[in-house]
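Here's coords_18.csv, which has CSV, C-alpha atoms:
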```csv
chain,number,residue,atom,x,y,z
K,1,MET,CA,-80.8,-19.2,-41.5
K,2,THR,CA,-83.4,-21.8,-40.5
K,3,THR,CA,-86.8,-20.9,-39.0
K,4,SER,CA,-85.8,-22.1,-35.6
K,5,THR,CA,-82.6,-20.0,-35.6
K,6,ARG,CA,-84.5,-16.9,-36.7
K,7,SER,CA,-87.0,-17.6,-33.8
K,8,ALA,CA,-84.2,-17.9,-31.3
K,9,ALA,CA,-82.6,-14.7,-32.5
K,10,ARG,CA,-86.0,-12.9,-32.2
K,11,ALA,CA,-86.4,-14.3,-28.7
K,12,GLY,CA,-83.0,-12.8,-27.7
K,13,THR,CA,-81.1,-16.1,-27.4
K,14,PRO,CA,-78.1,-16.3,-29.8
K,15,PRO,CA,-77.6,-19.3,-32.0
K,16,ALA,CA,-75.5,-22.2,-30.5
K,17,ALA,CA,-72.3,-21.4,-32.3
K,18,ARG,CA,-72.5,-17.7,-31.4
K,19,LEU,CA,-73.2,-18.6,-27.8
K,20,ARG,CA,-70.2,-21.0,-27.7
K,21,ALA,CA,-68.0,-18.3,-29.1
K,22,GLY,CA,-69.2,-15.8,-26.5
K,23,ARG,CA,-68.5,-18.3,-23.7
K,24,ALA,CA,-65.0,-18.9,-25.1
K,25,ALA,CA,-64.4,-15.1,-25.2
K,26,THR,CA,-65.5,-14.8,-21.6
K,27,PHE,CA,-63.0,-17.5,-20.6
K,28,ALA,CA,-60.3,-15.5,-22.4
K,29,TYR,CA,-61.1,-12.3,-20.5
K,30,PHE,CA,-61.2,-14.1,-17.1
K,31,ALA,CA,-57.9,-15.8,-17.8
K,32,LEU,CA,-56.4,-12.5,-19.0
K,33,ASN,CA,-57.5,-10.8,-15.8
K,34,GLY,CA,-56.0,-13.5,-13.6
K,35,PHE,CA,-52.8,-13.4,-15.7
K,36,LEU,CA,-52.4,-9.6,-15.5
K,37,MET,CA,-52.9,-9.4,-11.8
K,38,GLY,CA,-50.8,-12.5,-11.2
K,39,MET,CA,-47.9,-10.9,-13.2
K,40,TRP,CA,-48.2,-7.8,-10.9
K,41,ILE,CA,-48.1,-10.0,-7.8
K,42,VAL,CA,-45.0,-11.9,-9.0
K,43,HIS,CA,-43.2,-8.6,-9.6
K,44,ILE,CA,-44.0,-6.9,-6.3
K,45,PRO,CA,-40.6,-7.5,-4.8
K,46,SER,CA,-38.6,-6.2,-7.8
K,47,VAL,CA,-41.0,-3.2,-8.2
K,48,GLU,CA,-40.6,-2.5,-4.5
K,49,HIS,CA,-36.8,-2.6,-4.7
K,50,ARG,CA,-36.7,-0.4,-7.8
K,51,ALA,CA,-39.0,2.2,-6.1
K,52,GLY,CA,-36.7,2.2,-3.1
K,53,ILE,CA,-39.5,1.9,-0.5
K,54,SER,CA,-40.0,-0.2,2.7
K,55,HIS,CA,-42.5,-2.9,3.3
K,56,ALA,CA,-44.5,-0.6,5.4
K,57,VAL,CA,-44.8,2.0,2.6
K,58,LEU,CA,-45.7,-0.7,0.1
K,59,GLY,CA,-48.5,-1.8,2.4
K,60,TRP,CA,-50.0,1.7,2.4
K,61,LEU,CA,-49.6,2.0,-1.4
K,62,LEU,CA,-51.4,-1.3,-1.9
K,63,LEU,CA,-54.4,0.4,-0.4
K,64,LEU,CA,-54.4,2.7,-3.4
K,65,LEU,CA,-54.7,-0.4,-5.6
K,66,GLY,CA,-57.8,-1.4,-3.6
K,67,ALA,CA,-59.3,2.1,-3.7
K,68,GLY,CA,-58.8,2.3,-7.5
K,69,ALA,CA,-60.5,-1.1,-8.0
K,70,PHE,CA,-63.5,-0.1,-5.9
K,71,VAL,CA,-64.0,3.1,-7.8
K,72,GLY,CA,-63.6,1.4,-11.1
K,73,MET,CA,-66.2,-1.2,-10.1
K,74,GLN,CA,-68.8,1.3,-9.1
K,75,LEU,CA,-68.3,3.5,-12.2
K,76,VAL,CA,-68.2,0.7,-14.8
K,77,GLY,CA,-71.3,-1.1,-13.6
K,78,PRO,CA,-73.8,1.5,-14.8
K,79,LEU,CA,-71.7,2.0,-18.0
K,80,THR,CA,-71.9,-1.7,-18.8
K,81,ASP,CA,-75.7,-1.5,-18.4
K,82,ARG,CA,-75.9,1.5,-20.7
K,83,PHE,CA,-73.5,0.6,-23.4
K,84,GLY,CA,-73.4,-3.2,-23.1
K,85,ALA,CA,-70.7,-5.6,-22.0
K,86,ARG,CA,-69.6,-6.1,-25.6
K,87,THR,CA,-68.4,-2.5,-25.7
K,88,VAL,CA,-67.1,-2.1,-22.1
K,89,VAL,CA,-65.3,-5.4,-21.6
K,90,PRO,CA,-62.7,-5.0,-24.4
K,91,LEU,CA,-62.0,-1.4,-23.4
K,92,SER,CA,-61.6,-2.4,-19.7
K,93,ALA,CA,-59.3,-5.2,-20.7
K,94,ALA,CA,-57.2,-2.8,-22.7
K,95,LEU,CA,-57.1,-0.3,-19.8
K,96,CYS,CA,-56.1,-3.0,-17.3
K,97,SER,CA,-53.4,-4.2,-19.7
K,98,VAL,CA,-51.9,-0.7,-20.3
K,99,THR,CA,-51.9,0.2,-16.6
K,100,LEU,CA,-50.0,-3.0,-15.7
K,101,PHE,CA,-47.0,-1.5,-17.4
K,102,LEU,CA,-46.9,1.5,-15.2
K,103,PRO,CA,-45.6,0.0,-11.9
K,104,GLY,CA,-42.6,-1.3,-13.8
K,105,LEU,CA,-41.6,2.3,-14.6
K,106,ALA,CA,-42.0,3.6,-11.0
K,107,THR,CA,-38.9,4.9,-9.3
K,108,HIS,CA,-40.5,6.7,-6.3
K,109,ALA,CA,-43.3,6.1,-3.8
K,110,TRP,CA,-45.5,8.7,-5.4
K,111,SER,CA,-45.1,7.3,-8.9
K,112,LEU,CA,-45.7,3.8,-7.7
K,113,GLY,CA,-48.8,5.0,-5.8
K,114,SER,CA,-50.2,6.7,-8.9
K,115,ALA,CA,-49.5,3.6,-11.0
K,116,LEU,CA,-51.2,1.3,-8.5
K,117,LEU,CA,-54.3,3.6,-8.3
K,118,LEU,CA,-54.6,3.4,-12.1
K,119,LEU,CA,-53.9,-0.4,-12.2
K,120,GLY,CA,-56.6,-0.9,-9.5
K,121,PHE,CA,-59.1,1.2,-11.5
K,122,GLY,CA,-58.4,-0.9,-14.7
K,123,ASN,CA,-58.7,-4.1,-12.8
K,124,GLY,CA,-62.0,-3.1,-11.2
K,125,CYS,CA,-63.5,-2.1,-14.5
K,126,LEU,CA,-62.5,-5.4,-16.1
K,127,ASP,CA,-63.7,-7.4,-13.1
K,128,VAL,CA,-67.2,-6.1,-13.1
K,129,SER,CA,-67.7,-5.8,-16.9
K,130,MET,CA,-66.5,-9.4,-17.6
K,131,ASN,CA,-68.7,-10.8,-14.7
K,132,ALA,CA,-71.7,-8.9,-16.2
K,133,HIS,CA,-71.0,-10.6,-19.6
K,134,ALA,CA,-70.6,-13.9,-17.8
K,135,VAL,CA,-74.1,-13.5,-16.4
K,136,GLN,CA,-75.4,-12.8,-19.9
K,137,VAL,CA,-73.7,-16.0,-21.2
K,138,GLU,CA,-75.1,-18.0,-18.3
K,139,ARG,CA,-78.6,-16.6,-18.9
K,140,ASP,CA,-78.5,-17.7,-22.5
K,141,TYR,CA,-77.1,-21.1,-21.7
K,142,ARG,CA,-79.9,-21.6,-19.1
K,143,ARG,CA,-77.6,-23.5,-16.8
K,144,PRO,CA,-74.9,-22.6,-14.3
K,145,VAL,CA,-71.6,-21.7,-16.0
K,146,MET,CA,-70.3,-18.9,-13.7
K,147,SER,CA,-67.9,-21.0,-11.5
K,148,ALA,CA,-65.9,-22.2,-14.4
K,149,PHE,CA,-65.2,-18.6,-15.4
K,150,HIS,CA,-63.8,-17.9,-11.9
K,151,ALA,CA,-61.7,-21.1,-12.1
K,152,THR,CA,-60.2,-19.8,-15.3
K,153,PHE,CA,-59.2,-16.6,-13.5
K,154,SER,CA,-57.3,-18.7,-11.0
K,155,LEU,CA,-55.6,-20.7,-13.8
K,156,GLY,CA,-54.5,-17.4,-15.3
K,157,GLY,CA,-52.9,-16.5,-12.0
K,158,VAL,CA,-51.1,-19.9,-11.9
K,159,LEU,CA,-49.8,-19.3,-15.5
K,160,ALA,CA,-48.6,-15.8,-14.4
K,161,SER,CA,-46.6,-17.3,-11.6
K,162,LEU,CA,-44.8,-19.7,-14.0
K,163,VAL,CA,-44.2,-17.0,-16.7
K,164,GLY,CA,-43.1,-14.5,-14.1
K,165,ALA,CA,-40.7,-16.9,-12.4
K,166,ARG,CA,-39.1,-17.6,-15.8
K,167,THR,CA,-38.7,-13.9,-16.8
K,168,LEU,CA,-37.3,-13.1,-13.4
K,169,ALA,CA,-34.8,-16.0,-13.7
K,170,TRP,CA,-33.7,-14.6,-17.0
K,171,GLY,CA,-33.1,-11.2,-15.3
K,172,TRP,CA,-35.7,-9.2,-17.2
K,173,HIS,CA,-36.3,-5.7,-16.1
K,174,PRO,CA,-39.9,-5.3,-14.6
K,175,ALA,CA,-40.8,-2.8,-17.3
K,176,ALA,CA,-39.7,-5.3,-20.0
K,177,SER,CA,-41.7,-8.2,-18.7
K,178,LEU,CA,-44.8,-6.2,-17.7
K,179,GLY,CA,-44.6,-4.3,-21.0
K,180,THR,CA,-44.5,-7.5,-22.9
K,181,VAL,CA,-47.6,-8.7,-21.0
K,182,THR,CA,-49.3,-5.4,-21.8
K,183,LEU,CA,-48.9,-6.0,-25.5
K,184,LEU,CA,-50.2,-9.5,-25.1
K,185,GLY,CA,-53.2,-8.2,-23.1
K,186,LEU,CA,-54.0,-5.7,-25.8
K,187,ALA,CA,-53.9,-8.4,-28.4
K,188,VAL,CA,-56.3,-10.7,-26.4
K,189,ALA,CA,-58.6,-7.8,-25.7
K,190,ALA,CA,-58.9,-7.0,-29.4
K,191,LEU,CA,-59.1,-10.6,-30.7
K,192,ALA,CA,-61.7,-11.8,-28.3
K,193,ALA,CA,-63.9,-8.7,-28.6
K,194,PRO,CA,-65.9,-9.8,-31.8
K,195,ALA,CA,-67.0,-13.0,-30.1
K,196,LEU,CA,-68.7,-11.2,-27.2
K,197,LEU,CA,-72.5,-11.4,-27.2
K,198,PRO,CA,-74.5,-8.3,-28.1
K,199,THR,CA,-76.8,-6.9,-25.5
K,200,ALA,CA,-80.2,-8.5,-25.9
K,201,GLY,CA,-82.8,-5.9,-26.7
K,202,SER,CA,-85.8,-5.4,-24.5
K,203,PRO,CA,-88.8,-3.2,-24.8
K,204,ALA,CA,-88.3,0.2,-23.3
K,205,PRO,CA,-90.4,0.9,-20.3
K,206,ALA,CA,-92.9,3.7,-20.4
K,207,SER,CA,-91.2,6.9,-19.3
K,208,PRO,CA,-92.9,8.7,-16.4
K,209,ALA,CA,-91.6,12.0,-18.0
K,210,ALA,CA,-94.0,11.4,-20.9
K,211,ASP,CA,-96.9,12.1,-18.5
K,212,GLY,CA,-95.3,15.2,-17.1
K,213,ALA,CA,-93.8,13.4,-14.1
K,214,ALA,CA,-90.1,13.3,-13.2
K,215,PRO,CA,-88.5,10.0,-13.9
K,216,ALA,CA,-88.1,7.8,-10.7
K,217,ARG,CA,-84.6,7.4,-9.4
K,218,ARG,CA,-83.5,3.9,-9.6
K,219,THR,CA,-82.3,2.4,-6.3
K,220,THR,CA,-80.3,-0.7,-5.6
K,221,PRO,CA,-82.7,-3.4,-4.2
K,222,ARG,CA,-82.3,-4.5,-0.6
K,223,ARG,CA,-81.7,-8.1,-1.8
K,224,ILE,CA,-78.6,-6.9,-3.8
K,225,TRP,CA,-77.1,-5.3,-0.7
K,226,LEU,CA,-77.7,-8.5,1.3
K,227,LEU,CA,-75.9,-10.4,-1.4
K,228,ALA,CA,-73.1,-7.8,-1.3
K,229,VAL,CA,-72.7,-8.3,2.5
K,230,LEU,CA,-72.5,-12.1,2.0
K,231,ALA,CA,-69.8,-11.5,-0.7
K,232,LEU,CA,-67.9,-9.3,1.8
K,233,MET,CA,-67.9,-12.1,4.3
K,234,ILE,CA,-66.9,-14.8,1.9
K,235,MET,CA,-64.2,-12.8,0.2
K,236,LEU,CA,-62.9,-11.7,3.7
K,237,CYS,CA,-62.3,-15.4,4.2
K,238,GLU,CA,-60.4,-15.7,0.9
K,239,GLY,CA,-58.3,-12.7,1.9
K,240,VAL,CA,-57.4,-14.3,5.2
K,241,ALA,CA,-56.3,-17.5,3.5
K,242,ASN,CA,-54.2,-15.5,1.0
K,243,ASP,CA,-52.2,-13.6,3.6
K,244,TRP,CA,-52.3,-15.8,6.8
K,245,SER,CA,-52.4,-19.5,5.8
K,246,ALA,CA,-48.7,-19.8,5.4
K,247,LEU,CA,-48.0,-17.7,8.5
K,248,HIS,CA,-50.4,-19.9,10.5
K,249,LEU,CA,-48.4,-23.0,9.9
K,250,ARG,CA,-45.1,-21.2,10.3
K,251,THR,CA,-45.8,-19.4,13.6
K,252,VAL,CA,-48.4,-21.6,15.3
K,253,LEU,CA,-47.2,-25.1,14.3
K,254,ASP,CA,-43.5,-24.1,13.8
K,255,ALA,CA,-43.5,-25.7,10.3
K,256,PRO,CA,-40.5,-25.2,8.0
K,257,ALA,CA,-40.9,-22.3,5.6
K,258,ALA,CA,-41.2,-24.6,2.6
K,259,THR,CA,-43.9,-26.7,4.3
K,260,ALA,CA,-45.7,-23.5,5.5
K,261,ALA,CA,-46.0,-22.3,1.9
K,262,LEU,CA,-48.0,-25.5,1.1
K,263,ALA,CA,-50.9,-24.2,3.2
K,264,TYR,CA,-51.7,-21.5,0.6
K,265,GLY,CA,-51.0,-24.0,-2.2
K,266,ALA,CA,-53.4,-26.5,-0.8
K,267,PHE,CA,-56.1,-23.8,-0.4
K,268,ALA,CA,-55.6,-22.3,-3.9
K,269,THR,CA,-55.5,-25.7,-5.6
K,270,ALA,CA,-58.6,-27.0,-3.9
K,271,MET,CA,-60.4,-23.7,-4.7
K,272,THR,CA,-59.5,-24.0,-8.4
K,273,VAL,CA,-60.6,-27.6,-8.6
K,274,GLY,CA,-63.8,-26.9,-6.7
K,275,ARG,CA,-64.7,-24.1,-9.1
K,276,LEU,CA,-64.3,-26.4,-12.0
K,277,LEU,CA,-66.8,-28.7,-10.4
K,278,ALA,CA,-69.2,-26.2,-8.8
K,279,ASP,CA,-71.3,-25.5,-12.0
K,280,ARG,CA,-72.3,-29.1,-12.1
K,281,ALA,CA,-73.2,-29.1,-8.4
K,282,ALA,CA,-75.2,-25.9,-8.9
K,283,GLY,CA,-77.0,-27.4,-11.8
K,284,ARG,CA,-77.9,-30.6,-9.9
K,285,LEU,CA,-78.5,-29.2,-6.4
K,286,GLY,CA,-79.1,-25.5,-6.9
K,287,PRO,CA,-77.2,-22.4,-5.9
K,288,VAL,CA,-78.6,-22.4,-2.4
K,289,ALA,CA,-77.1,-25.8,-1.6
K,290,VAL,CA,-73.8,-24.8,-3.1
K,291,LEU,CA,-73.6,-21.7,-0.9
K,292,ARG,CA,-75.0,-23.4,2.3
K,293,TYR,CA,-73.1,-26.6,2.2
K,294,GLY,CA,-70.0,-25.0,0.7
K,295,ALA,CA,-69.8,-22.4,3.4
K,296,ALA,CA,-70.5,-25.0,6.1
K,297,THR,CA,-67.7,-27.2,4.7
K,298,ALA,CA,-65.3,-24.2,4.7
K,299,ALA,CA,-66.1,-23.5,8.3
K,300,ALA,CA,-65.4,-27.1,9.3
K,301,GLY,CA,-62.1,-27.1,7.3
K,302,LEU,CA,-60.8,-23.8,8.8
K,303,THR,CA,-61.8,-24.9,12.3
K,304,ALA,CA,-59.8,-28.1,11.9
K,305,ALA,CA,-56.8,-26.1,10.6
K,306,ALA,CA,-57.0,-23.6,13.4
K,307,LEU,CA,-57.3,-26.1,16.2
K,308,SER,CA,-55.1,-28.8,14.8
K,309,PRO,CA,-51.7,-29.5,16.6
K,310,TRP,CA,-50.5,-31.5,13.6
K,311,ILE,CA,-49.2,-30.1,10.3
K,312,PRO,CA,-50.8,-32.6,8.0
K,313,LEU,CA,-54.2,-32.1,9.5
K,314,ALA,CA,-53.8,-28.3,9.2
K,315,LEU,CA,-52.8,-28.6,5.5
K,316,ALA,CA,-55.9,-30.8,4.9
K,317,GLY,CA,-58.0,-28.2,6.8
K,318,TRP,CA,-56.8,-25.4,4.5
K,319,ALA,CA,-57.6,-27.5,1.5
K,320,VAL,CA,-61.1,-28.3,2.7
K,321,PHE,CA,-61.5,-24.5,3.4
K,322,GLY,CA,-60.7,-23.7,-0.2
K,323,ALA,CA,-62.9,-26.4,-1.6
K,324,GLY,CA,-65.8,-25.2,0.5
K,325,LEU,CA,-65.4,-21.6,-0.5
K,326,SER,CA,-64.8,-22.3,-4.2
K,327,GLY,CA,-68.4,-22.1,-5.4
K,328,CYS,CA,-69.7,-19.5,-3.0
K,329,VAL,CA,-68.7,-16.2,-4.7
K,330,PRO,CA,-69.8,-17.2,-8.2
K,331,GLN,CA,-73.3,-18.0,-6.9
K,332,LEU,CA,-73.5,-14.5,-5.4
K,333,PHE,CA,-72.3,-12.8,-8.6
K,334,SER,CA,-74.7,-14.9,-10.6
K,335,ALA,CA,-77.7,-14.1,-8.4
K,336,ALA,CA,-76.9,-10.4,-8.5
K,337,GLY,CA,-76.7,-10.4,-12.3
K,338,HIS,CA,-79.9,-12.4,-12.8
K,339,ALA,CA,-81.9,-10.4,-10.4
K,340,ASP,CA,-82.5,-7.7,-13.0
K,341,PRO,CA,-80.9,-8.2,-16.5
K,342,ASP,CA,-81.3,-4.5,-17.4
K,343,ASN,CA,-79.1,-3.6,-14.4
K,344,ALA,CA,-76.8,-6.6,-14.2
K,345,GLY,CA,-73.7,-4.5,-14.4
K,346,THR,CA,-74.8,-2.1,-11.6
K,347,ASN,CA,-75.9,-5.0,-9.4
K,348,VAL,CA,-72.7,-7.0,-9.9
K,349,SER,CA,-70.7,-3.9,-9.2
K,350,ARG,CA,-72.3,-3.5,-5.8
K,351,VAL,CA,-71.7,-7.2,-4.9
K,352,ALA,CA,-68.1,-7.2,-6.3
K,353,GLY,CA,-67.3,-3.9,-4.7
K,354,LEU,CA,-68.2,-4.9,-1.2
K,355,GLY,CA,-66.7,-8.3,-1.7
K,356,TYR,CA,-63.4,-6.7,-2.8
K,357,LEU,CA,-63.4,-4.6,0.3
K,358,GLY,CA,-63.9,-7.8,2.3
K,359,MET,CA,-60.9,-9.3,0.7
K,360,LEU,CA,-58.8,-6.3,1.6
K,361,ALA,CA,-60.2,-6.1,5.1
K,362,GLY,CA,-59.7,-9.8,6.1
K,363,PRO,CA,-55.9,-9.7,6.4
K,364,ALA,CA,-56.1,-6.2,8.0
K,365,VAL,CA,-58.6,-7.3,10.7
K,366,ILE,CA,-56.7,-10.5,11.6
K,367,GLY,CA,-53.4,-8.5,12.3
K,368,PRO,CA,-54.8,-6.3,15.2
K,369,LEU,CA,-56.7,-9.3,16.6
K,370,THR,CA,-53.4,-11.2,17.2
K,371,ARG,CA,-52.6,-8.6,19.9
K,372,PHE,CA,-55.4,-10.0,22.0
K,373,ALA,CA,-55.5,-13.7,21.0
K,374,PRO,CA,-53.2,-16.3,19.3
K,375,LEU,CA,-53.3,-16.4,15.5
K,376,ASN,CA,-55.1,-19.7,15.4
K,377,LEU,CA,-58.0,-18.4,17.5
K,378,THR,CA,-58.4,-15.3,15.4
K,379,LEU,CA,-59.1,-17.6,12.5
K,380,LEU,CA,-62.4,-18.3,14.1
K,381,LEU,CA,-63.6,-14.9,12.8
K,382,PRO,CA,-63.7,-16.2,9.2
K,383,VAL,CA,-65.3,-19.4,10.5
K,384,ALA,CA,-68.1,-17.3,11.9
K,385,CYS,CA,-68.5,-15.5,8.6
K,386,CYS,CA,-68.8,-18.9,6.9
K,387,LEU,CA,-71.5,-20.0,9.3
K,388,VAL,CA,-73.5,-16.8,8.8
K,389,ALA,CA,-73.3,-17.4,5.0
K,390,ALA,CA,-74.5,-20.9,5.4
K,391,ALA,CA,-77.4,-19.9,7.6
K,392,THR,CA,-78.6,-17.1,5.2
K,393,ALA,CA,-78.0,-19.0,1.9
K,394,GLY,CA,-81.7,-18.9,1.2
K,395,ILE,CA,-81.3,-15.4,-0.1
K,396,LEU,CA,-80.3,-17.1,-3.4
K,397,ARG,CA,-83.6,-18.8,-3.7
K,398,THR,CA,-85.4,-15.9,-5.4
K,399,ARG,CA,-84.6,-15.2,-9.0
K,400,PRO,CA,-87.3,-12.9,-10.3
K,401,THR,CA,-86.5,-12.6,-14.0
K,402,THR,CA,-84.5,-15.7,-14.9
K,403,THR,CA,-84.8,-19.3,-14.0
K,404,LEU,CA,-81.9,-21.7,-14.6
K,405,PRO,CA,-82.3,-25.4,-14.6
K,406,GLY,CA,-80.2,-25.5,-11.4
K,407,ASP,CA,-82.9,-23.6,-9.6
K,408,ALA,CA,-84.9,-26.7,-9.3
K,409,GLY,CA,-82.7,-27.7,-6.4
K,410,ALA,CA,-82.7,-24.2,-4.9
K,411,THR,CA,-85.0,-25.3,-2.1
K,412,ALA,CA,-82.2,-27.3,-0.4
```
Go through the file and emit its structure as structure tokens.
Amino acid sequence: MTTSTRSAARAGTPPAARLRAGRAATFAYFALNGFLMGMWIVHIPSVEHRAGISHAVLGWLLLLLGAGAFVGMQLVGPLTDRFGARTVVPLSAALCSVTLFLPGLATHAWSLGSALLLLGFGNGCLDVSMNAHAVQVERDYRRPVMSAFHATFSLGGVLASLVGARTLAWGWHPAASLGTVTLLGLAVAALAAPALLPTAGSPAPASPAADGAAPARRTTPRRIWLLAVLALMIMLCEGVANDWSALHLRTVLDAPAATAALAYGAFATAMTVGRLLADRAAGRLGPVAVLRYGAATAAAGLTAAALSPWIPLALAGWAVFGAGLSGCVPQLFSAAGHADPDNAGTNVSRVAGLGYLGMLAGPAVIGPLTRFAPLNLTLLLPVACCLVAAATAGILRTRPTTTLPGDAGATA
């Protein structure tokens, strides 16, 4: 080991090869998470048929998936801070992989509900712990890399749609295909684990109890809650696109079913491509600019889609909406994690938890609003959320403990 390498290790920054391996492992876990959840989504119709339930019952049971995810996020954040992402991420990946198998075995509503609660819990644990490790990787790289991880999650979902379509075409039983993916997930969780970065040591703060005083209770800073509220707004917009983009073209513009499906495809493709490019934009312009101009672009795109009388313009609007949103959530997660490295997991869990609630709430809010206004006008609600995010993007400007090269442009 050279003198410079030893100095880097003492300073808490891993050697370059170790850091590259840690980044590759993080990509693997993000792709795995996207693949696992994508395989569940692809198998929803067959699982619903096997359980013998209606669409309405399935809708209620999916709330258990969200509830389990929220609980998992809140529990695993502090555990990640205490035991380190290197320990918690592989265990969470294994848990998420094992619980994916359970819905394929469900034959009743109650068994499916229990399976979805556990699957959601495993997904929430993996979501927060891998994002906490991504923050650690980004901190050591000293440049923005978070958006690329989220793009890999999206690519995992695309791969799941292709694999799931193939296994369904072969007539595989849901338990067989999901069980095979469980084994694959366990293998990835084990093989990628050694490459994860160890938690950097930091001097322990003086304990108030040593002076006879009770230790102060740690509270979540106000800035983290503000980031969480912005995550709720942005992910509400993503949820609306997931569930209402195709219905918008089908019911408002009377597009054929095949054409209407392209609305979500345009949104998802643009979001994935945008996330692959967002790190470079954040490095050059700063995270404030990515959130501000990204959210403003998303607002313009969705407004065009909502008000357009032409199908091609509406499709273009959904694509612009996805491109604008693409870099926003990664900037919020990154800011939460860098705000306090010793509590990165807890802070990320707060932001991810409220954001996840926003993704669930978006589709649920739009439905009732359609009783009072046409669907295209209800889409102005997520437009308003984007405008609020653009106006308050300055919250990203402060990074108390870590400065990345991209912060030079944070005054945009």
| said: Need the shell around Leu126 of chain K: protein/DNA/RNA residues with any atom at most 8 Å away, counting only C-alpha atoms. Skip same-chain ones fewer than 5 positions apart. Format as number ranges by chain? | reply: K: 33, 89, 92-93, 96
| request: Record the distance separating atom CA of Leu354 of chain K and atom CA of Gly72 of chain K, expressed in Å with one decimal. | output: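 Between atom CA of Leu354 of chain K and atom CA of Gly72 of chain K the gap is 12.6 Å.
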| query | Smallest atom-to-atom distance to Ala339 of chain K: which of K:Val137, K:Ile311, K:Leu91, K:Ile224, using only C-alpha atoms? | reply | K:Ile224
| atom CA of Thr26 of chain K to atom CA of Ala195 of chain K, straight-line distance in Å |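 A separation of 8.8 Å between them.
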| query | In terms of the shortest atom-to-atom distance over all atoms listed in the file, which of K:Tyr141, K:Ala304, K:Ala151, K:Ala344 is closest to Pro15 of chain K? | reply |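 Looking only at the distances to Pro15 of chain K, the closest residue turns out to be K:Tyr141.
With all atoms listed in the file as the basis for measurement, K:Gly394 is the residue among K:Gly394, K:Gly68, K:Gly265, K:Gly358 that approaches Val290 of chain K most closely.
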Residue contacts of segment 359-363 of chain K (10 Å, only C-alpha atoms) excluding same-chain residues fewer than 4 positions away, as a PDB file with C-alpha atoms, in the frame of the given file:
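out.pdb, freshly written:
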```
ATOM      1  CA  LEU K  62     -51.400  -1.300  -1.900  1.00  0.00           C
ATOM      2  CA  LEU K  63     -54.400   0.400  -0.400  1.00  0.00           C
ATOM      3  CA  GLY K  66     -57.800  -1.400  -3.600  1.00  0.00           C
ATOM      4  CA  ALA K  67     -59.300   2.100  -3.700  1.00  0.00           C
ATOM      5  CA  ALA K 231     -69.800 -11.500  -0.700  1.00  0.00           C
ATOM      6  CA  LEU K 232     -67.900  -9.300   1.800  1.00  0.00           C
ATOM      7  CA  MET K 233     -67.900 -12.100   4.300  1.00  0.00           C
ATOM      8  CA  ILE K 234     -66.900 -14.800   1.900  1.00  0.00           C
ATOM      9  CA  MET K 235     -64.200 -12.800   0.200  1.00  0.00           C
ATOM     10  CA  LEU K 236     -62.900 -11.700   3.700  1.00  0.00           C
ATOM     11  CA  CYS K 237     -62.300 -15.400   4.200  1.00  0.00           C
ATOM     12  CA  GLU K 238     -60.400 -15.700   0.900  1.00  0.00           C
ATOM     13  CA  GLY K 239     -58.300 -12.700   1.900  1.00  0.00           C
ATOM     14  CA  VAL K 240     -57.400 -14.300   5.200  1.00  0.00           C
ATOM     15  CA  ALA K 241     -56.300 -17.500   3.500  1.00  0.00           C
ATOM     16  CA  ASN K 242     -54.200 -15.500   1.000  1.00  0.00           C
ATOM     17  CA  ASP K 243     -52.200 -13.600   3.600  1.00  0.00           C
ATOM     18  CA  TRP K 244     -52.300 -15.800   6.800  1.00  0.00           C
ATOM     19  CA  GLY K 353     -67.300  -3.900  -4.700  1.00  0.00           C
ATOM     20  CA  LEU K 354     -68.200  -4.900  -1.200  1.00  0.00           C
ATOM     21  CA  GLY K 355     -66.700  -8.300  -1.700  1.00  0.00           C
ATOM     22  CA  GLY K 367     -53.400  -8.500  12.300  1.00  0.00           C
ATOM     23  CA  PRO K 368     -54.800  -6.300  15.200  1.00  0.00           C
ATOM     24  CA  LEU K 381     -63.600 -14.900  12.800  1.00  0.00           C
ATOM     25  CA  PRO K 382     -63.700 -16.200   9.200  1.00  0.00           C
TER      26      PRO K 382
END
```
| said: What's the separation between atom CA of Gly120 of chain K and atom CA of Thr99 of chain K, in Å to one decimal place? | reply: 8.6 Å
| query | Which residue, K:Pro221, K:Gly77, K:Pro287, K:Gly113, has the smallest gap to Asn131 of chain K when you use only C-alpha atoms? | reply | K:Gly77
| message | Which residues are near Arg350 of chain K? Cut-off 8 Å, all atoms listed in the file, ignore same chain within fewer than 6 positions. Put them as a PyMOL selection string. | response | chain K and resi 73-74+224-225+228
| said: Env of Phe27 of chain K: 9 Å cut, atoms = all atoms listed in the file, seq-sep filter 2 positions within chain, self excluded. Answer as a list in words. | reply: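 Within the cut-off, the hits are Gly22, Arg23, Ala24, Ala25, Tyr29, Phe30, Ala31, Leu32, Ala134, Ala148, Phe149, His150, Thr152 and Phe153 of chain K.
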